[in-house]
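A short write-up of the structure that comes next.
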There are 2 protein chains.
Amino acid sequence: MVHDGTGKRTAGDFLLAARRCELHGLEQLGVVASLVGPIGGFIHALQKERGVSNLFLGAGGTRFVELLPVRAAESDAAAVTAQRVFDALDLDSGLQAGGMRVYSRIAFVLHALDGLPELRERVRTLAATPAEATAAFSALVGGLLAVVFEAADAAADPVVSRALVAIFNFMQGKELAGQERATGAAGFAMGGFDPARRQRLLHLIEAQERCFQIFSEFAGTAWVSYWRERLSIPEVAEIERMRRIACTSCESAQFGPEMGDLWFERSSRRIDAMREVESFLATELRAMLDAKLREVHADLEEHRTRIDAFDTPAAGDSPQVAVYFSDPVGDEADASGRVEVLATGGLSRGLGRSILDLVHAQSRRLQAIGDELKAARAALEERKAIERAKGLLMQHRGLSEDEAYRMLRQMAMAQGRRMVEVAESTLALADFLKQERGV
Amino acid sequence: MVHDGTGKRTAGDFLLAARRCELHGLEQLGVVASLVGPIGGFIHALQKERGVSNLFLGAGGTRFVELLPVRAAESDAAAVTAQRVFDALDLDSGLQAGGMRVYSRIAFVLHALDGLPELRERVRTLAATPAEATAAFSALVGGLLAVVFEAADAAADPVVSRALVAIFNFMQGKELAGQERATGAAGFAMGGFDPARRQRLLHLIEAQERCFQIFSEFAGTAWVSYWRERLSIPEVAEIERMRRIACTSCESAQFGPEMGDLWFERSSRRIDAMREVESFLATELRAMLDAKLREVHADLEEHRTRIDAFDTPAAGDSPQVAVYFSDPVGDEADASGRVEVLATGGLSRGLGRSILDLVHAQSRRLQAIGDELKAARAALEERKAIERAKGLLMQHRGLSEDEAYRMLRQMAMAQGRRMVEVAESTLALADFLKQERGV
């Protein structure tokens with residue numbers, strides 16, 4: 001603690017405390033970020049189990065029965081790893097608002113996990129349809145993704161926040177690729193695609209592209225390059241060809257069962273490549289956080305040294321002189337402008353000026369951080385608004401997810417507005433109707 | 001800790017952890033809120049000292065000299081109280097992002113405080129002009145208000161956040177009333193108002209009204225009633241009459257010095273009434289937080305009891321069964337819709353359903369909290385954007401604060417847009433120009 005000798009806290013004490021807050025926030029972010037790797041691994045295993053379950057159900061139980069327990073064991077192993085990370089979290093370290101959301105999402109995941117054995121039993125006994133099985137596995141995956149989403153939303157550092165937005169969107173895109181694999185595998189295995197399945201395929205392709213688009217916007221060039229490089233595999237072009245075939249096919253049996261296998265195999269190669277990218281991203285995130293932590297630590301030390309120097313003026317120094325200036329809330333330009341004006345009036349000099357520089361630099365930094373965070377969070381907000389509007393349409397109009405998405409997109413195109421705007425209008429209207437009905 | 005017996009954490013553990021996060025956040029909010037009362041008191045004393053300093057300077061040092069040390073002593077006493085609260089803060093309790101901002105603002109206040117003796121000396125020796133003295137005192141007051149602003153922005157509870165937005169705007173309105181008192185006192189004491197001072201008076205009146213407008217929007221009806229009642233004093237109508245006289249006067253001496261005294265006395269009555277309201281608000285805030293804390297405490301206990309019951313099923317109960325459903329990020333409608341569908345499929349029953357209800361209720365609550373917080377923070381964001389745009393215009397165009405505000409307002413009127421939109425466009429343009437110049 002830096003005190004001025006009278007026991008009263010000084011400006012320096014609070015400047016340092018502000019820095020410690022930042023450090024503390026980063027440390028907690030590091031903990032949350034450590035969830036990303038194991039969650040990615042668990043999702044990947046569940047995606048594989050979902051894929052095989054669908055092949056099995058699509059083939060009416062005649063094939064892949066031997067793969068079911070293999071995939072289940074892989075999922076269970078990945079679940080143990082994830083559970084270990086959940087168990088290692090310090091639940092009382094005070095994550096506050098961010099923690100509330102992250103923990104609530106984990107609660108859902110752990111609860112859903114308890115139902116996995118029953119789901120598998122329903123698959124094994126052919127009691128579940130492919131659509132039901134997909135929905136059930138996807139719900140668990142969705143819950144895991146939501147943990148990463150909340151972690152991104154809770155991040156108070158703009159660089160880390162951007163990285164987490166990129167990673168969340170990548171994982172979401174990969175999950176949509178997984179759902180596409182399942183949908184395609186069931187369709188090819190059954191010999192043809194009905195209109196609903198065709199529509200779903202189209203929706204999944206489009207939504208994937210949106211995710212990778214956002215990933216590219218928020219990831220640094222190195223991450224994007226790595227992604228492009230890893231996804232430069234011949235299977236990608238083959239998948240495009242099969243997508244076209246699927247989307248222009250009819251319901252009657254056109255394909256032999258080998259098409260289903262082919263689709264599954266190629267999609268799996270693509271998804272495995274995505275998994276490599278995801279692991280790379282998790283490692284990079286870790287390194288980024290470590291570097292950031294070292295930086296803030298060093299910064300804190302440097303601040304401490306400077307502030308100590310201010311607070312112990314050498315004998316003969318003039319006493320500390322404060323500079324008066326108006327510091328309207330969050331306003332750097334104004335503040336610095338005024339400092340100049342008053343400085344020429346002789347109120348500013350020497351040591352006082354130096355600590356004021358620190359106060360100002362800090363204020364500017366906080367403003368910049370706030371601005372940058374806003375941009376990253378806007379991307380998350382948009383996603384949330386679209387998801388909620390979609391859910392609302394599904395509930396009130398009895399639409400499927402694909403239909404609801406399509407409806408929002410069509411409204412946006414017809415009105416020449418962005419999808420997020422249409423989504424927000426839809427939600428606002430619903431709120432209004434709710435109030436009208438006195439709900 | 002609630003465990004399922006295997007040492008692994010359960011959904012219940014994380015639900016409780018989420019609640020504890022909320023409690024922790026509220027406790028920290030309580031600490032920050034405890035600053036509001038003493039800061040209000042300190043501001044009030046500084047406002048009185050600023051007023052007398054201006055009267056003294058306006059009268060060329062011929063009057064009020066005996067009041068200067070009295071007001072200074074009152075300010076010093078209030079400063080000691082405020083310092084005591086600053087000293088009592090637990091700087092390591094991890095306020096994170098909110099803490100960073102609050103502490104940085106306090107650092108500025110403490111630094112500015114060190115310059116108070118020099119400022120007083122400049123007033124006493126008539127070395128400062130009334131405008132300089134006003135600006136200097138106002139800077140310190142502005143710094144103190146910024147602490148309250150950041151506290152409001154950091155609040156993670158929507159009810160408390162709304163209350164703090166109301167209180168901040170009230171305090172800001174009172175401060176503008178204080179600046180109006182100083183500006184008016186100087187003008188009346190000098191016998192007339194020059195165009196710049198007239199313009200400033202108009203600006204201060206208008207800005208005050210905007211603050212009280214926002215206060216009314218965010219305060220509950222009880223607070224608004226208390227405010228209206230306390231401000232039902234004859235002085236308010238008298239002040240309106242004097243405002244009109246001031247705004248239509250010219251520079252040449254029209255008033256005797258008794259007009260300055262009259263204005264000062266009446267304005268002071270009005271400001272004292274505001275101070276009463278402010279004290280009331282600080283007390284109410286305290287009570288609100290205490291009630292809220294008790295509520296969350298009780299809630300946490302109730303949750304713990306329910307979750308304990310789920311986790312220890314009586315002999316013969318069916319094992320815990322999870323319900324699968326898609327839980328897209330933050331989407332309540334969709335989730336509950338799907339639960340119904342799958343529930344009829346037989347996947348949902350008994351205990352599993354109950355814990356799922358808790359997970360869902362929590363998810364809905366978090367969503368509602370997020371939505372409500374957004375509304376309260378939007379009001380703060382708007383204020384910040386307008387202040388920053390104003391500062392930018394002042395710096396780049398060499399305008400006064402009043403002129404900058406007027407320019408923004410005129411642009412808004414000409415373009416038929418809200419002031420905040422014009423402010424945001426101005427800031428975006430400045431960012432763009434900065435990037436262009438490679439800054």
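Each chain in the structure tokens gets a letter, A, B, ..., in the order shown, and its residues are numbered from 1; ligands are numbered from 1 in order too.
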Q: Do a neighbour search on Asp261 (chain A) at 8 Å with only C-alpha atoms, toss out local chain neighbours closer than 4 positions, and write the hits as a PyMOL selection string.
A: chain A and resi 185+189+257+265
Q.
So that I can check the surroundings of region 285-296 of chain A, please list as a ChimeraX atom specification every protein, DNA and RNA residue that reaches within 12 Å of it, counting only C-alpha atoms and ignoring chain neighbours fewer than 3 positions away.
A. /A:16,18-37,152,155,157-168,219-220,223,278-282,299-303
Q: Could you tell me how far CA of Val236 (chain B) lies from CA of Phe218 (chain B), in Å and to one decimal?
A: 23.3 Å
**Q.** Test item, alpha helix (DSSP H) assignment across region 33-243 of chain B, answer as JSON, numbers by chain
**A.** {"B": [33, 36, 37, 38, 39, 40, 41, 42, 43, 44, 45, 46, 47, 48, 49, 50, 51, 52, 53, 54, 55, 56, 57, 58, 67, 68, 69, 70, 71, 72, 73, 74, 75, 76, 77, 78, 79, 80, 81, 82, 83, 84, 85, 86, 87, 88, 96, 97, 98, 99, 100, 101, 102, 103, 104, 105, 106, 107, 108, 109, 110, 111, 112, 113, 116, 117, 118, 119, 120, 121, 122, 123, 124, 130, 131, 132, 133, 134, 135, 136, 137, 138, 139, 140, 141, 142, 143, 144, 145, 146, 147, 148, 149, 150, 151, 152, 153, 154, 158, 159, 160, 161, 162, 163, 164, 165, 166, 167, 168, 169, 170, 171, 172, 173, 174, 175, 176, 177, 178, 179, 180, 181, 182, 183, 184, 185, 186, 187, 188, 189, 195, 196, 197, 198, 199, 200, 201, 202, 203, 204, 205, 206, 207, 208, 209, 210, 211, 212, 213, 214, 215, 216, 217, 218, 221, 222, 223, 224, 225, 226, 227, 228, 229, 230, 234, 235, 236, 237, 238, 239, 240, 241, 242, 243]}
Q.
Just to confirm, what's the straight-line distance from CA of Glu229 (chain B) to CA of Gly184 (chain B) in Å (one decimal)?
A.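 Taking CA of Glu229 (chain B) as the start and CA of Gly184 (chain B) as the end point, the length is 25.2 Å.
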